[in-house]
$ cat data-v8.cif   # mmCIF, C-alpha atoms and all ligand atoms
data_final
loop_
_atom_site.label_atom_id
_atom_site.label_comp_id
_atom_site.auth_asym_id
_atom_site.auth_seq_id
_atom_site.Cartn_x
_atom_site.Cartn_y
_atom_site.Cartn_z
CA MET A 23 -69.81 -48.09 -105.65
CA SER A 24 -73.33 -48.29 -107.06
CA GLU A 25 -76.15 -47.65 -104.60
CA GLN A 26 -78.50 -50.00 -106.38
CA VAL A 27 -78.59 -53.68 -107.28
CA SER A 28 -79.31 -53.76 -110.99
CA LEU A 29 -81.09 -56.66 -112.57
CA LYS A 30 -83.18 -54.73 -115.09
CA GLY A 31 -83.33 -56.47 -118.47
CA LYS A 32 -81.32 -59.48 -117.28
CA VAL A 33 -82.63 -62.88 -118.31
CA VAL A 34 -82.80 -65.30 -115.42
CA ILE A 35 -83.60 -69.01 -115.47
CA ILE A 36 -84.89 -70.31 -112.15
CA THR A 37 -85.35 -74.06 -111.88
CA GLY A 38 -88.13 -75.31 -109.63
CA ALA A 39 -89.73 -71.85 -109.56
CA GLY A 40 -93.32 -73.07 -109.44
CA GLY A 41 -93.33 -73.09 -105.63
CA GLY A 42 -91.31 -72.59 -102.47
CA LEU A 43 -88.13 -70.52 -102.69
CA GLY A 44 -87.98 -70.47 -106.50
CA LYS A 45 -91.38 -68.81 -106.72
CA VAL A 46 -90.29 -66.04 -104.34
CA TYR A 47 -87.10 -65.50 -106.33
CA ALA A 48 -89.11 -65.34 -109.57
CA HIS A 49 -91.38 -62.60 -108.21
CA GLN A 50 -88.49 -60.59 -106.83
CA PHE A 51 -86.38 -60.79 -110.00
CA ALA A 52 -89.42 -59.78 -112.07
CA SER A 53 -90.22 -56.85 -109.76
CA ARG A 54 -86.71 -55.52 -110.49
CA GLY A 55 -87.20 -55.68 -114.25
CA ALA A 56 -85.53 -59.03 -114.95
CA LYS A 57 -87.05 -61.37 -117.54
CA VAL A 58 -87.75 -64.63 -115.82
CA VAL A 59 -87.95 -68.21 -117.09
CA VAL A 60 -90.10 -70.01 -114.53
CA ASN A 61 -89.18 -73.68 -114.85
CA ASP A 62 -91.09 -76.30 -112.90
CA LEU A 63 -92.37 -79.76 -113.77
CA GLY A 64 -94.97 -79.43 -111.04
CA GLY A 65 -94.20 -82.69 -109.27
CA SER A 66 -94.56 -83.90 -105.70
CA LEU A 67 -91.93 -83.42 -103.01
CA THR A 68 -90.47 -86.82 -103.92
CA GLY A 69 -90.47 -86.00 -107.63
CA SER A 70 -93.50 -87.98 -108.79
CA GLY A 71 -96.17 -86.62 -111.16
CA ASN A 72 -96.18 -83.42 -113.15
CA SER A 73 -98.39 -80.45 -113.93
CA ASN A 74 -98.02 -77.24 -115.92
CA ARG A 75 -100.03 -75.39 -113.35
CA ALA A 76 -97.24 -74.58 -110.89
CA ALA A 77 -95.18 -72.63 -113.45
CA ASP A 78 -98.25 -71.15 -115.14
CA VAL A 79 -99.60 -69.62 -111.92
CA VAL A 80 -96.28 -67.89 -111.17
CA VAL A 81 -96.02 -66.52 -114.72
CA GLU A 82 -99.62 -65.25 -114.60
CA GLU A 83 -98.97 -63.52 -111.27
CA ILE A 84 -95.79 -61.89 -112.57
CA LYS A 85 -97.51 -60.66 -115.73
CA LYS A 86 -100.43 -59.30 -113.72
CA SER A 87 -97.97 -57.21 -111.71
CA GLY A 88 -96.46 -55.82 -114.91
CA GLY A 89 -93.43 -58.13 -115.02
CA THR A 90 -92.00 -60.30 -117.78
CA ALA A 91 -91.89 -64.09 -117.50
CA ALA A 92 -92.18 -67.29 -119.53
CA ALA A 93 -93.18 -70.71 -118.25
CA ASN A 94 -91.27 -73.91 -118.86
CA TYR A 95 -92.44 -77.33 -117.68
CA ASP A 96 -89.43 -79.46 -118.57
CA ASN A 97 -87.88 -81.96 -116.27
CA LEU A 98 -84.47 -80.53 -115.55
CA VAL A 99 -82.89 -83.96 -115.73
CA THR A 100 -84.34 -85.23 -118.99
CA ASN A 101 -84.74 -82.02 -121.00
CA PRO A 102 -82.45 -79.25 -119.79
CA GLU A 103 -82.18 -78.14 -123.45
CA GLY A 104 -85.88 -77.23 -123.37
CA ILE A 105 -85.32 -74.88 -120.43
CA LEU A 106 -82.52 -72.96 -122.14
CA GLN A 107 -84.55 -72.93 -125.36
CA THR A 108 -87.44 -71.21 -123.54
CA ALA A 109 -85.03 -68.45 -122.50
CA LEU A 110 -83.60 -68.11 -126.00
CA ASP A 111 -87.00 -68.20 -127.76
CA ASN A 112 -88.61 -65.64 -125.45
CA PHE A 113 -85.74 -63.39 -124.44
CA GLY A 114 -82.84 -64.16 -126.81
CA THR A 115 -80.22 -65.04 -124.17
CA VAL A 116 -79.58 -65.96 -120.56
CA ASP A 117 -77.58 -63.96 -117.98
CA ILE A 118 -78.37 -65.64 -114.68
CA LEU A 119 -79.00 -69.26 -113.69
CA ILE A 120 -80.48 -70.17 -110.33
CA ASN A 121 -80.05 -73.91 -109.74
CA ASN A 122 -82.88 -74.34 -107.27
CA ALA A 123 -85.04 -77.36 -108.22
CA GLY A 124 -84.96 -80.24 -105.83
CA ILE A 125 -86.68 -83.28 -104.38
CA LEU A 126 -86.39 -85.28 -101.18
CA LYS A 127 -86.30 -89.05 -100.71
CA ASP A 128 -85.31 -89.24 -97.06
CA SER A 129 -84.48 -92.50 -95.39
CA SER A 130 -81.97 -93.75 -92.84
CA PHE A 131 -78.88 -95.02 -94.66
CA LYS A 132 -79.66 -98.56 -93.48
CA ASN A 133 -82.93 -98.50 -95.40
CA MET A 134 -81.93 -96.26 -98.31
CA THR A 135 -82.26 -97.94 -101.69
CA GLU A 136 -79.93 -97.25 -104.59
CA LYS A 137 -82.86 -95.68 -106.43
CA GLN A 138 -83.55 -93.26 -103.58
CA PHE A 139 -79.89 -92.33 -103.67
CA THR A 140 -79.53 -91.86 -107.42
CA ASP A 141 -82.91 -90.13 -107.91
CA VAL A 142 -81.92 -87.38 -105.48
CA LEU A 143 -78.45 -86.99 -107.00
CA ASP A 144 -80.05 -86.88 -110.45
CA VAL A 145 -82.21 -83.85 -109.76
CA HIS A 146 -79.96 -81.79 -107.49
CA LEU A 147 -76.56 -82.59 -108.94
CA ASN A 148 -76.87 -84.05 -112.44
CA GLY A 149 -79.74 -81.71 -113.31
CA ALA A 150 -77.73 -78.71 -112.15
CA PHE A 151 -74.72 -80.00 -114.09
CA LYS A 152 -76.68 -80.44 -117.33
CA LEU A 153 -78.38 -77.05 -117.34
CA THR A 154 -75.27 -75.22 -116.12
CA LYS A 155 -73.25 -76.83 -118.91
CA LEU A 156 -75.71 -75.51 -121.51
CA CYS A 157 -75.84 -72.01 -120.02
CA TRP A 158 -72.04 -71.97 -119.63
CA GLU A 159 -71.61 -71.83 -123.41
CA VAL A 160 -73.79 -68.73 -123.58
CA PHE A 161 -72.05 -67.13 -120.58
CA LYS A 162 -68.56 -67.82 -122.00
CA ALA A 163 -69.51 -66.39 -125.39
CA LYS A 164 -70.91 -63.17 -123.91
CA LYS A 165 -68.32 -62.95 -121.13
CA TYR A 166 -71.02 -62.49 -118.52
CA GLY A 167 -72.87 -64.89 -116.29
CA ARG A 168 -74.12 -65.35 -112.76
CA ILE A 169 -74.86 -68.74 -111.22
CA ILE A 170 -76.27 -69.81 -107.88
CA MET A 171 -75.87 -73.35 -106.59
CA THR A 172 -78.33 -74.26 -103.86
CA ALA A 173 -76.60 -76.30 -101.19
CA SER A 174 -77.88 -77.08 -97.71
CA PRO A 175 -76.79 -77.35 -94.08
CA ALA A 176 -77.41 -81.09 -94.56
CA GLY A 177 -74.61 -81.08 -97.14
CA LEU A 178 -72.20 -79.02 -95.05
CA TYR A 179 -72.79 -80.72 -91.73
CA GLY A 180 -74.69 -83.96 -92.48
CA ASN A 181 -78.22 -84.76 -91.37
CA PHE A 182 -79.85 -87.97 -90.22
CA GLY A 183 -81.90 -89.61 -92.98
CA GLN A 184 -80.39 -87.53 -95.78
CA ALA A 185 -77.30 -89.39 -97.02
CA ASN A 186 -78.49 -88.98 -100.63
CA TYR A 187 -79.41 -85.32 -100.24
CA SER A 188 -76.28 -84.36 -98.30
CA CYS A 189 -74.05 -86.01 -100.96
CA ALA A 190 -75.77 -84.01 -103.69
CA LYS A 191 -75.68 -80.75 -101.76
CA LEU A 192 -72.01 -80.92 -100.83
CA ALA A 193 -71.16 -81.91 -104.41
CA LEU A 194 -72.79 -78.66 -105.53
CA VAL A 195 -70.35 -76.78 -103.28
CA GLY A 196 -67.32 -78.29 -105.04
CA PHE A 197 -69.01 -77.80 -108.40
CA GLY A 198 -69.59 -74.11 -107.67
CA GLU A 199 -66.09 -73.56 -106.29
CA THR A 200 -64.54 -75.02 -109.44
CA LEU A 201 -66.78 -73.12 -111.86
CA ALA A 202 -65.95 -69.90 -110.01
CA LYS A 203 -62.30 -70.47 -110.87
CA GLU A 204 -62.99 -71.54 -114.47
CA GLY A 205 -65.37 -68.65 -115.05
CA TYR A 206 -63.26 -65.96 -113.42
CA ASN A 207 -61.69 -64.55 -116.57
CA SER A 208 -65.04 -64.51 -118.37
CA ASN A 209 -66.86 -62.49 -115.69
CA ILE A 210 -68.90 -65.55 -114.75
CA LYS A 211 -69.55 -65.48 -111.01
CA VAL A 212 -70.69 -68.54 -109.17
CA ASN A 213 -71.77 -68.61 -105.53
CA ILE A 214 -73.28 -71.22 -103.29
CA ILE A 215 -76.07 -70.73 -100.78
CA SER A 216 -76.89 -72.98 -97.87
CA LEU A 217 -80.22 -72.03 -96.42
CA LEU A 218 -83.15 -72.85 -94.21
CA ALA A 219 -86.66 -71.68 -95.11
CA LYS A 220 -90.28 -72.59 -94.76
CA SER A 221 -91.49 -74.67 -97.71
CA ARG A 222 -93.08 -78.06 -98.25
CA MET A 223 -89.56 -79.48 -97.68
CA THR A 224 -89.46 -78.25 -94.10
CA GLU A 225 -93.06 -77.76 -92.99
CA THR A 226 -93.48 -81.31 -91.74
CA VAL A 227 -90.10 -81.50 -89.99
CA LEU A 228 -89.73 -78.15 -88.22
CA PRO A 229 -92.03 -76.90 -85.44
CA PRO A 230 -94.56 -74.17 -86.36
CA ASP A 231 -92.93 -71.50 -84.15
CA VAL A 232 -89.61 -72.03 -85.94
CA LEU A 233 -91.25 -72.11 -89.36
CA LYS A 234 -92.83 -68.73 -88.65
CA LYS A 235 -89.33 -67.20 -88.59
CA LEU A 236 -88.19 -68.87 -91.78
CA SER A 237 -90.11 -67.24 -94.61
CA PRO A 238 -88.46 -67.73 -98.03
CA GLU A 239 -88.60 -63.94 -98.54
CA LYS A 240 -85.69 -63.80 -96.10
CA ILE A 241 -83.46 -65.72 -98.54
CA ALA A 242 -84.18 -63.79 -101.74
CA PRO A 243 -82.21 -60.55 -101.03
CA LEU A 244 -78.90 -62.41 -101.01
CA VAL A 245 -79.75 -64.37 -104.16
CA LEU A 246 -80.59 -61.14 -105.98
CA TYR A 247 -77.43 -59.41 -104.79
CA LEU A 248 -75.14 -62.35 -105.62
CA THR A 249 -76.48 -62.44 -109.18
CA SER A 250 -76.31 -58.70 -109.80
CA GLU A 251 -73.69 -56.87 -111.85
CA GLU A 252 -72.49 -55.17 -108.68
CA CYS A 253 -71.54 -58.28 -106.75
CA PRO A 254 -67.77 -58.97 -106.60
CA SER A 255 -68.13 -62.31 -104.81
CA THR A 256 -67.42 -65.60 -106.54
CA GLY A 257 -66.74 -69.12 -105.29
CA SER A 258 -68.11 -68.35 -101.84
CA ILE A 259 -70.55 -70.23 -99.66
CA TYR A 260 -73.20 -68.26 -97.81
CA GLU A 261 -75.52 -69.43 -95.07
CA VAL A 262 -78.91 -67.77 -95.03
CA ALA A 263 -81.91 -68.16 -92.73
CA ALA A 264 -84.39 -66.06 -90.77
CA GLY A 265 -82.57 -62.80 -91.51
CA LEU A 266 -79.02 -64.14 -91.01
CA PHE A 267 -76.61 -63.66 -93.91
CA ALA A 268 -73.22 -65.23 -93.19
CA GLN A 269 -70.27 -66.65 -95.09
CA ILE A 270 -68.94 -70.14 -94.53
CA LYS A 271 -65.26 -70.98 -95.08
CA TRP A 272 -63.11 -74.07 -94.97
CA GLN A 273 -60.91 -73.87 -91.91
CA ARG A 274 -57.58 -75.68 -91.61
CA SER A 275 -55.75 -76.06 -88.32
CA SER A 276 -52.14 -74.89 -88.19
CA GLY A 277 -51.36 -78.59 -88.11
CA LEU A 278 -48.52 -80.91 -87.39
CA TYR A 279 -45.56 -81.10 -89.76
CA LEU A 280 -43.52 -84.29 -89.85
CA ASN A 281 -40.35 -84.78 -91.86
CA PRO A 282 -41.47 -87.09 -94.69
CA SER A 283 -38.08 -88.74 -95.08
CA SER A 284 -37.37 -89.45 -91.43
CA ASP A 285 -38.36 -92.14 -89.00
CA THR A 286 -40.67 -89.69 -87.24
CA LEU A 287 -43.26 -90.26 -89.97
CA THR A 288 -45.10 -93.02 -88.14
CA PRO A 289 -48.61 -93.75 -86.85
CA GLU A 290 -47.16 -93.37 -83.35
CA ALA A 291 -46.10 -89.80 -84.12
CA ILE A 292 -49.73 -89.14 -85.06
CA LEU A 293 -50.93 -90.87 -81.87
CA HIS A 294 -48.71 -88.69 -79.68
CA LYS A 295 -49.41 -85.44 -81.50
CA PHE A 296 -53.01 -85.94 -82.55
CA SER A 297 -54.26 -83.00 -80.51
CA LYS A 298 -51.89 -80.76 -82.51
CA ILE A 299 -53.62 -81.80 -85.75
CA SER A 300 -56.98 -80.77 -84.34
CA ASP A 301 -55.81 -77.54 -82.72
CA PHE A 302 -57.57 -74.68 -84.49
CA LYS A 303 -55.95 -71.91 -82.44
CA ASP A 304 -53.81 -70.62 -85.29
CA SER A 305 -55.79 -71.74 -88.31
CA ASP A 306 -56.17 -70.47 -91.85
CA TYR A 307 -58.81 -70.62 -94.55
CA PRO A 308 -57.60 -72.25 -97.75
CA ILE A 309 -59.51 -71.59 -100.94
CA MET A 310 -57.50 -73.34 -103.59
CA LEU A 311 -55.05 -76.15 -104.29
CA LYS A 312 -52.27 -73.58 -104.52
CA ASP A 313 -52.71 -73.04 -100.79
CA TYR A 314 -50.79 -76.33 -100.43
CA ASN A 315 -47.64 -75.01 -102.09
CA ASN A 316 -45.96 -74.01 -98.86
CA VAL A 317 -46.61 -77.43 -97.39
CA TRP A 318 -44.18 -79.04 -99.83
CA ASP A 319 -41.61 -76.30 -99.06
CA VAL A 320 -41.91 -76.67 -95.32
CA THR A 321 -41.80 -80.44 -95.11
CA SER A 322 -38.81 -80.69 -97.47
CA LYS A 323 -36.83 -78.26 -95.26
CA LEU A 324 -37.59 -79.93 -91.95
CA GLY A 325 -34.66 -81.43 -90.09
CA LYS A 326 -34.58 -85.12 -89.18
CA ASN A 327 -36.55 -84.77 -85.98
CA ASP A 328 -38.37 -81.57 -86.70
CA GLN A 329 -42.07 -81.49 -86.09
CA GLY A 330 -42.35 -77.90 -87.14
CA LYS A 331 -45.24 -75.59 -87.60
CA ILE A 332 -45.65 -72.80 -90.06
CA LYS A 333 -48.49 -70.55 -90.96
CA ILE A 334 -49.38 -71.18 -94.56
CA GLU A 335 -49.49 -67.96 -96.46
CA SER A 336 -52.96 -67.88 -97.89
CA LEU A 337 -53.70 -66.87 -101.43
CA ARG A 338 -57.35 -66.57 -100.70
CA ASP A 339 -57.67 -63.06 -102.00
CA LYS A 340 -56.32 -63.94 -105.42
CA VAL A 341 -58.35 -66.14 -107.68
CA VAL A 342 -56.31 -67.37 -110.64
P1 LIG A 401 -89.96 -77.03 -103.06
O1 LIG A 401 -90.25 -78.49 -103.09
O2 LIG A 401 -91.04 -76.10 -102.66
O3 LIG A 401 -89.40 -76.54 -104.46
C1 LIG A 401 -88.68 -77.36 -105.34
C2 LIG A 401 -89.28 -77.23 -106.71
O4 LIG A 401 -88.48 -77.97 -107.64
C3 LIG A 401 -90.69 -77.82 -106.78
O5 LIG A 401 -91.61 -76.86 -107.23
C4 LIG A 401 -90.54 -78.99 -107.75
O6 LIG A 401 -91.69 -79.21 -108.57
C5 LIG A 401 -89.36 -78.56 -108.57
N1 LIG A 401 -88.66 -79.69 -109.20
C6 LIG A 401 -88.31 -80.86 -108.62
N2 LIG A 401 -87.70 -81.66 -109.49
C7 LIG A 401 -87.65 -80.99 -110.67
C8 LIG A 401 -87.14 -81.30 -111.95
N3 LIG A 401 -86.54 -82.48 -112.20
N4 LIG A 401 -87.27 -80.40 -112.95
C9 LIG A 401 -87.88 -79.21 -112.72
N5 LIG A 401 -88.39 -78.86 -111.51
C10 LIG A 401 -88.28 -79.74 -110.49
O7 LIG A 401 -88.71 -76.86 -102.07
P2 LIG A 401 -87.87 -75.57 -101.64
O8 LIG A 401 -87.73 -75.63 -100.17
O9 LIG A 401 -88.38 -74.35 -102.26
O10 LIG A 401 -86.44 -75.95 -102.23
C11 LIG A 401 -85.73 -75.16 -103.18
C12 LIG A 401 -84.26 -75.56 -103.11
O11 LIG A 401 -83.73 -75.18 -101.84
C13 LIG A 401 -84.02 -77.05 -103.23
O12 LIG A 401 -82.85 -77.27 -103.97
C14 LIG A 401 -83.80 -77.48 -101.79
O13 LIG A 401 -83.06 -78.67 -101.70
C15 LIG A 401 -83.06 -76.29 -101.27
N6 LIG A 401 -83.06 -76.18 -99.83
C16 LIG A 401 -84.23 -75.91 -99.17
C17 LIG A 401 -84.22 -75.79 -97.79
C18 LIG A 401 -85.39 -75.38 -97.03
O14 LIG A 401 -85.24 -75.16 -95.82
N7 LIG A 401 -86.57 -75.26 -97.63
C19 LIG A 401 -82.98 -76.08 -97.02
C20 LIG A 401 -81.81 -76.26 -97.82
C21 LIG A 401 -81.87 -76.34 -99.18
#

$ encode --input "data-v8.cif" --output "structure tokens" --more "lines below"
Ligand code: NAI
Amino acid sequence: MSEQVSLKGKVVIITGAGGGLGKVYAHQFASRGAKVVVNDLGGSLTGSGNSNRAADVVVEEIKKSGGTAAANYDNLVTNPEGILQTALDNFGTVDILINNAGILKDSSFKNMTEKQFTDVLDVHLNGAFKLTKLCWEVFKAKKYGRIIMTASPAGLYGNFGQANYSCAKLALVGFGETLAKEGYNSNIKVNIISLLAKSRMTETVLPPDVLKKLSPEKIAPLVLYLTSEECPSTGSIYEVAAGLFAQIKWQRSSGLYLNPSSDTLTPEAILHKFSKISDFKDSDYPIMLKDYNNVWDVTSKLGKNDQGKIKIESLRDKVV
């Protein structure tokens, strides 16, 4: 196994790299010899306004430290083509895409307007879709690619006032899990990070003593590793904050099996056995639709009154 994480010469596009986490990633990729496209429209936290300055400052700083970078000011949603073009014009290709740009339009669901909902989905989800789709063609052709989807604890667990944001963030999980499977045979690896860090997104909602522990520099090492040649991981979700690096999995309880063709398949059977459905004592961790295959086998073999239980053999170690 290699002792080093190699990113030298790789071309990386980082969306929303004019500030916050993206800026830290940009510096760290550049310091390891990657060629960085610093995309940022330079808008406010809610997505209004624009300025070239955010991206320009990061590119100037990188160049001053001897790194290689090019600025791009396109809105990810309306001109994703421009972002890829900046990579192609300056560096001839793209190897790594960090889907990082984002906005917030928080509101309780009662007061959330359709525009607040769709604007947030547009940047986080549709923007990531559009740029990933363009880069995918390059990755497929060269049989190499690394992609990061930026999710959030709000997407995994829900968070008051963030129905729009949590929808977008969990959608990115499914998006990443699917692309990991579709990209597997082309050496395209796609991972998802769910993080917490100090930035303008969090500095008004978290207390100062907590913020002190959450520097964005604590997120970057995992992002760099996951997008390196060395990393074997794909389709996984990682939670990162304050020095914690952990993996998140879907967990399924061992469950309740009812014979589908018998009179035990009733709401009352669920009522009486509900605790069995939620019993996680002997659970497994499905990673693909194929993990359901044994369910059909088991239920079709159950006797008339069987309410059996079987451990589903997981295929989690094989991605097909
Ligand atoms: P940030 O607001 O500092 O950075 C986001 C950047 O994206 C900004 O510089 C903004 O100008 C840019 N941007 C917004 N819309 C854009 C568009 N349409 N086209 C191009 N650029 C655009 O926030 P932060 O915290 O650095 O967020 C980075 C990512 O991490 C976001 O996806 C955010 O949702 C996610 N995240 C952050 C968390 C945190 O604790 N800070 C928690 C969980 C997820």

$ closest_residue --input "data-v8.cif" --among "A:Lys191, A:Arg75, A:Lys295, A:Arg274" --to "Asn122 (chain A)" --atoms "only C-alpha atoms"
A:Lys191

$ residues_near_point --input "data-v8.cif" --point "(-75.4, -66.5, -94.6)" --cutoff "8 Å" --atoms "all atoms listed in the file" --output "PyMOL selection string"
chain A and resi 215-217+259-263+266-270

$ residues_near_ligand --input "data-v8.cif" --ligand "ligand LIG 401 (chain A)" --cutoff "8 Å" --atoms "only C-alpha atoms and all ligand atoms" --output "mmCIF file with C-alpha atoms, keeping the file's coordinate frame"
data_model
loop_
_atom_site.group_PDB
_atom_site.id
_atom_site.type_symbol
_atom_site.label_atom_id
_atom_site.label_comp_id
_atom_site.auth_asym_id
_atom_site.auth_seq_id
_atom_site.Cartn_x
_atom_site.Cartn_y
_atom_site.Cartn_z
ATOM 1 C CA THR A 37 -85.350 -74.060 -111.880
ATOM 2 C CA GLY A 38 -88.130 -75.310 -109.630
ATOM 3 C CA ALA A 39 -89.730 -71.850 -109.560
ATOM 4 C CA GLY A 40 -93.320 -73.070 -109.440
ATOM 5 C CA GLY A 41 -93.330 -73.090 -105.630
ATOM 6 C CA GLY A 42 -91.310 -72.590 -102.470
ATOM 7 C CA LEU A 43 -88.130 -70.520 -102.690
ATOM 8 C CA GLY A 44 -87.980 -70.470 -106.500
ATOM 9 C CA LYS A 45 -91.380 -68.810 -106.720
ATOM 10 C CA ASN A 61 -89.180 -73.680 -114.850
ATOM 11 C CA ASP A 62 -91.090 -76.300 -112.900
ATOM 12 C CA LEU A 63 -92.370 -79.760 -113.770
ATOM 13 C CA GLY A 64 -94.970 -79.430 -111.040
ATOM 14 C CA GLY A 65 -94.200 -82.690 -109.270
ATOM 15 C CA SER A 66 -94.560 -83.900 -105.700
ATOM 16 C CA LEU A 67 -91.930 -83.420 -103.010
ATOM 17 C CA THR A 68 -90.470 -86.820 -103.920
ATOM 18 C CA GLY A 69 -90.470 -86.000 -107.630
ATOM 19 C CA ASN A 72 -96.180 -83.420 -113.150
ATOM 20 C CA ALA A 76 -97.240 -74.580 -110.890
ATOM 21 C CA TYR A 95 -92.440 -77.330 -117.680
ATOM 22 C CA ASP A 96 -89.430 -79.460 -118.570
ATOM 23 C CA ASN A 97 -87.880 -81.960 -116.270
ATOM 24 C CA LEU A 98 -84.470 -80.530 -115.550
ATOM 25 C CA VAL A 99 -82.890 -83.960 -115.730
ATOM 26 C CA THR A 100 -84.340 -85.230 -118.990
ATOM 27 C CA ASN A 121 -80.050 -73.910 -109.740
ATOM 28 C CA ASN A 122 -82.880 -74.340 -107.270
ATOM 29 C CA ALA A 123 -85.040 -77.360 -108.220
ATOM 30 C CA GLY A 124 -84.960 -80.240 -105.830
ATOM 31 C CA ILE A 125 -86.680 -83.280 -104.380
ATOM 32 C CA LEU A 126 -86.390 -85.280 -101.180
ATOM 33 C CA VAL A 145 -82.210 -83.850 -109.760
ATOM 34 C CA HIS A 146 -79.960 -81.790 -107.490
ATOM 35 C CA GLY A 149 -79.740 -81.710 -113.310
ATOM 36 C CA THR A 172 -78.330 -74.260 -103.860
ATOM 37 C CA ALA A 173 -76.600 -76.300 -101.190
ATOM 38 C CA SER A 174 -77.880 -77.080 -97.710
ATOM 39 C CA PRO A 175 -76.790 -77.350 -94.080
ATOM 40 C CA ALA A 176 -77.410 -81.090 -94.560
ATOM 41 C CA TYR A 187 -79.410 -85.320 -100.240
ATOM 42 C CA LYS A 191 -75.680 -80.750 -101.760
ATOM 43 C CA SER A 216 -76.890 -72.980 -97.870
ATOM 44 C CA LEU A 217 -80.220 -72.030 -96.420
ATOM 45 C CA LEU A 218 -83.150 -72.850 -94.210
ATOM 46 C CA ALA A 219 -86.660 -71.680 -95.110
ATOM 47 C CA LYS A 220 -90.280 -72.590 -94.760
ATOM 48 C CA SER A 221 -91.490 -74.670 -97.710
ATOM 49 C CA ARG A 222 -93.080 -78.060 -98.250
ATOM 50 C CA MET A 223 -89.560 -79.480 -97.680
ATOM 51 C CA THR A 224 -89.460 -78.250 -94.100
ATOM 52 C CA PRO A 238 -88.460 -67.730 -98.030
#

$ residues_near_point --input "data-v8.cif" --point "(-87.3, -61.7, -113.8)" --cutoff "12 Å" --atoms "all atoms listed in the file" --output "PDB file with C-alpha atoms, in the coordinates of the input"
ATOM      1  CA  SER A  28     -79.310 -53.760-110.990  1.00  0.00           C
ATOM      2  CA  LEU A  29     -81.090 -56.660-112.570  1.00  0.00           C
ATOM      3  CA  LYS A  30     -83.180 -54.730-115.090  1.00  0.00           C
ATOM      4  CA  GLY A  31     -83.330 -56.470-118.470  1.00  0.00           C
ATOM      5  CA  LYS A  32     -81.320 -59.480-117.280  1.00  0.00           C
ATOM      6  CA  VAL A  33     -82.630 -62.880-118.310  1.00  0.00           C
ATOM      7  CA  VAL A  34     -82.800 -65.300-115.420  1.00  0.00           C
ATOM      8  CA  ILE A  35     -83.600 -69.010-115.470  1.00  0.00           C
ATOM      9  CA  ILE A  36     -84.890 -70.310-112.150  1.00  0.00           C
ATOM     10  CA  ALA A  39     -89.730 -71.850-109.560  1.00  0.00           C
ATOM     11  CA  GLY A  44     -87.980 -70.470-106.500  1.00  0.00           C
ATOM     12  CA  LYS A  45     -91.380 -68.810-106.720  1.00  0.00           C
ATOM     13  CA  VAL A  46     -90.290 -66.040-104.340  1.00  0.00           C
ATOM     14  CA  TYR A  47     -87.100 -65.500-106.330  1.00  0.00           C
ATOM     15  CA  ALA A  48     -89.110 -65.340-109.570  1.00  0.00           C
ATOM     16  CA  HIS A  49     -91.380 -62.600-108.210  1.00  0.00           C
ATOM     17  CA  GLN A  50     -88.490 -60.590-106.830  1.00  0.00           C
ATOM     18  CA  PHE A  51     -86.380 -60.790-110.000  1.00  0.00           C
ATOM     19  CA  ALA A  52     -89.420 -59.780-112.070  1.00  0.00           C
ATOM     20  CA  SER A  53     -90.220 -56.850-109.760  1.00  0.00           C
ATOM     21  CA  ARG A  54     -86.710 -55.520-110.490  1.00  0.00           C
ATOM     22  CA  GLY A  55     -87.200 -55.680-114.250  1.00  0.00           C
ATOM     23  CA  ALA A  56     -85.530 -59.030-114.950  1.00  0.00           C
ATOM     24  CA  LYS A  57     -87.050 -61.370-117.540  1.00  0.00           C
ATOM     25  CA  VAL A  58     -87.750 -64.630-115.820  1.00  0.00           C
ATOM     26  CA  VAL A  59     -87.950 -68.210-117.090  1.00  0.00           C
ATOM     27  CA  VAL A  60     -90.100 -70.010-114.530  1.00  0.00           C
ATOM     28  CA  VAL A  80     -96.280 -67.890-111.170  1.00  0.00           C
ATOM     29  CA  VAL A  81     -96.020 -66.520-114.720  1.00  0.00           C
ATOM     30  CA  ILE A  84     -95.790 -61.890-112.570  1.00  0.00           C
ATOM     31  CA  LYS A  85     -97.510 -60.660-115.730  1.00  0.00           C
ATOM     32  CA  SER A  87     -97.970 -57.210-111.710  1.00  0.00           C
ATOM     33  CA  GLY A  88     -96.460 -55.820-114.910  1.00  0.00           C
ATOM     34  CA  GLY A  89     -93.430 -58.130-115.020  1.00  0.00           C
ATOM     35  CA  THR A  90     -92.000 -60.300-117.780  1.00  0.00           C
ATOM     36  CA  ALA A  91     -91.890 -64.090-117.500  1.00  0.00           C
ATOM     37  CA  ALA A  92     -92.180 -67.290-119.530  1.00  0.00           C
ATOM     38  CA  ALA A  93     -93.180 -70.710-118.250  1.00  0.00           C
ATOM     39  CA  ALA A 109     -85.030 -68.450-122.500  1.00  0.00           C
ATOM     40  CA  PHE A 113     -85.740 -63.390-124.440  1.00  0.00           C
ATOM     41  CA  VAL A 116     -79.580 -65.960-120.560  1.00  0.00           C
ATOM     42  CA  ASP A 117     -77.580 -63.960-117.980  1.00  0.00           C
ATOM     43  CA  ILE A 118     -78.370 -65.640-114.680  1.00  0.00           C
ATOM     44  CA  LEU A 119     -79.000 -69.260-113.690  1.00  0.00           C
ATOM     45  CA  ILE A 120     -80.480 -70.170-110.330  1.00  0.00           C
ATOM     46  CA  LEU A 246     -80.590 -61.140-105.980  1.00  0.00           C
ATOM     47  CA  THR A 249     -76.480 -62.440-109.180  1.00  0.00           C
TER      48      THR A 249
END

$ atom_distance --input "data-v8.cif" --atom1 "CA of Lys203 (chain A)" --atom2 "CA of Val160 (chain A)"
17.2 Å

$ closest_residue --input "data-v8.cif" --among "A:Lys127, A:Asp306, A:Asn207, A:Ala163" --to "Ser70 (chain A)" --atoms "all atoms listed in the file"
A:Lys127
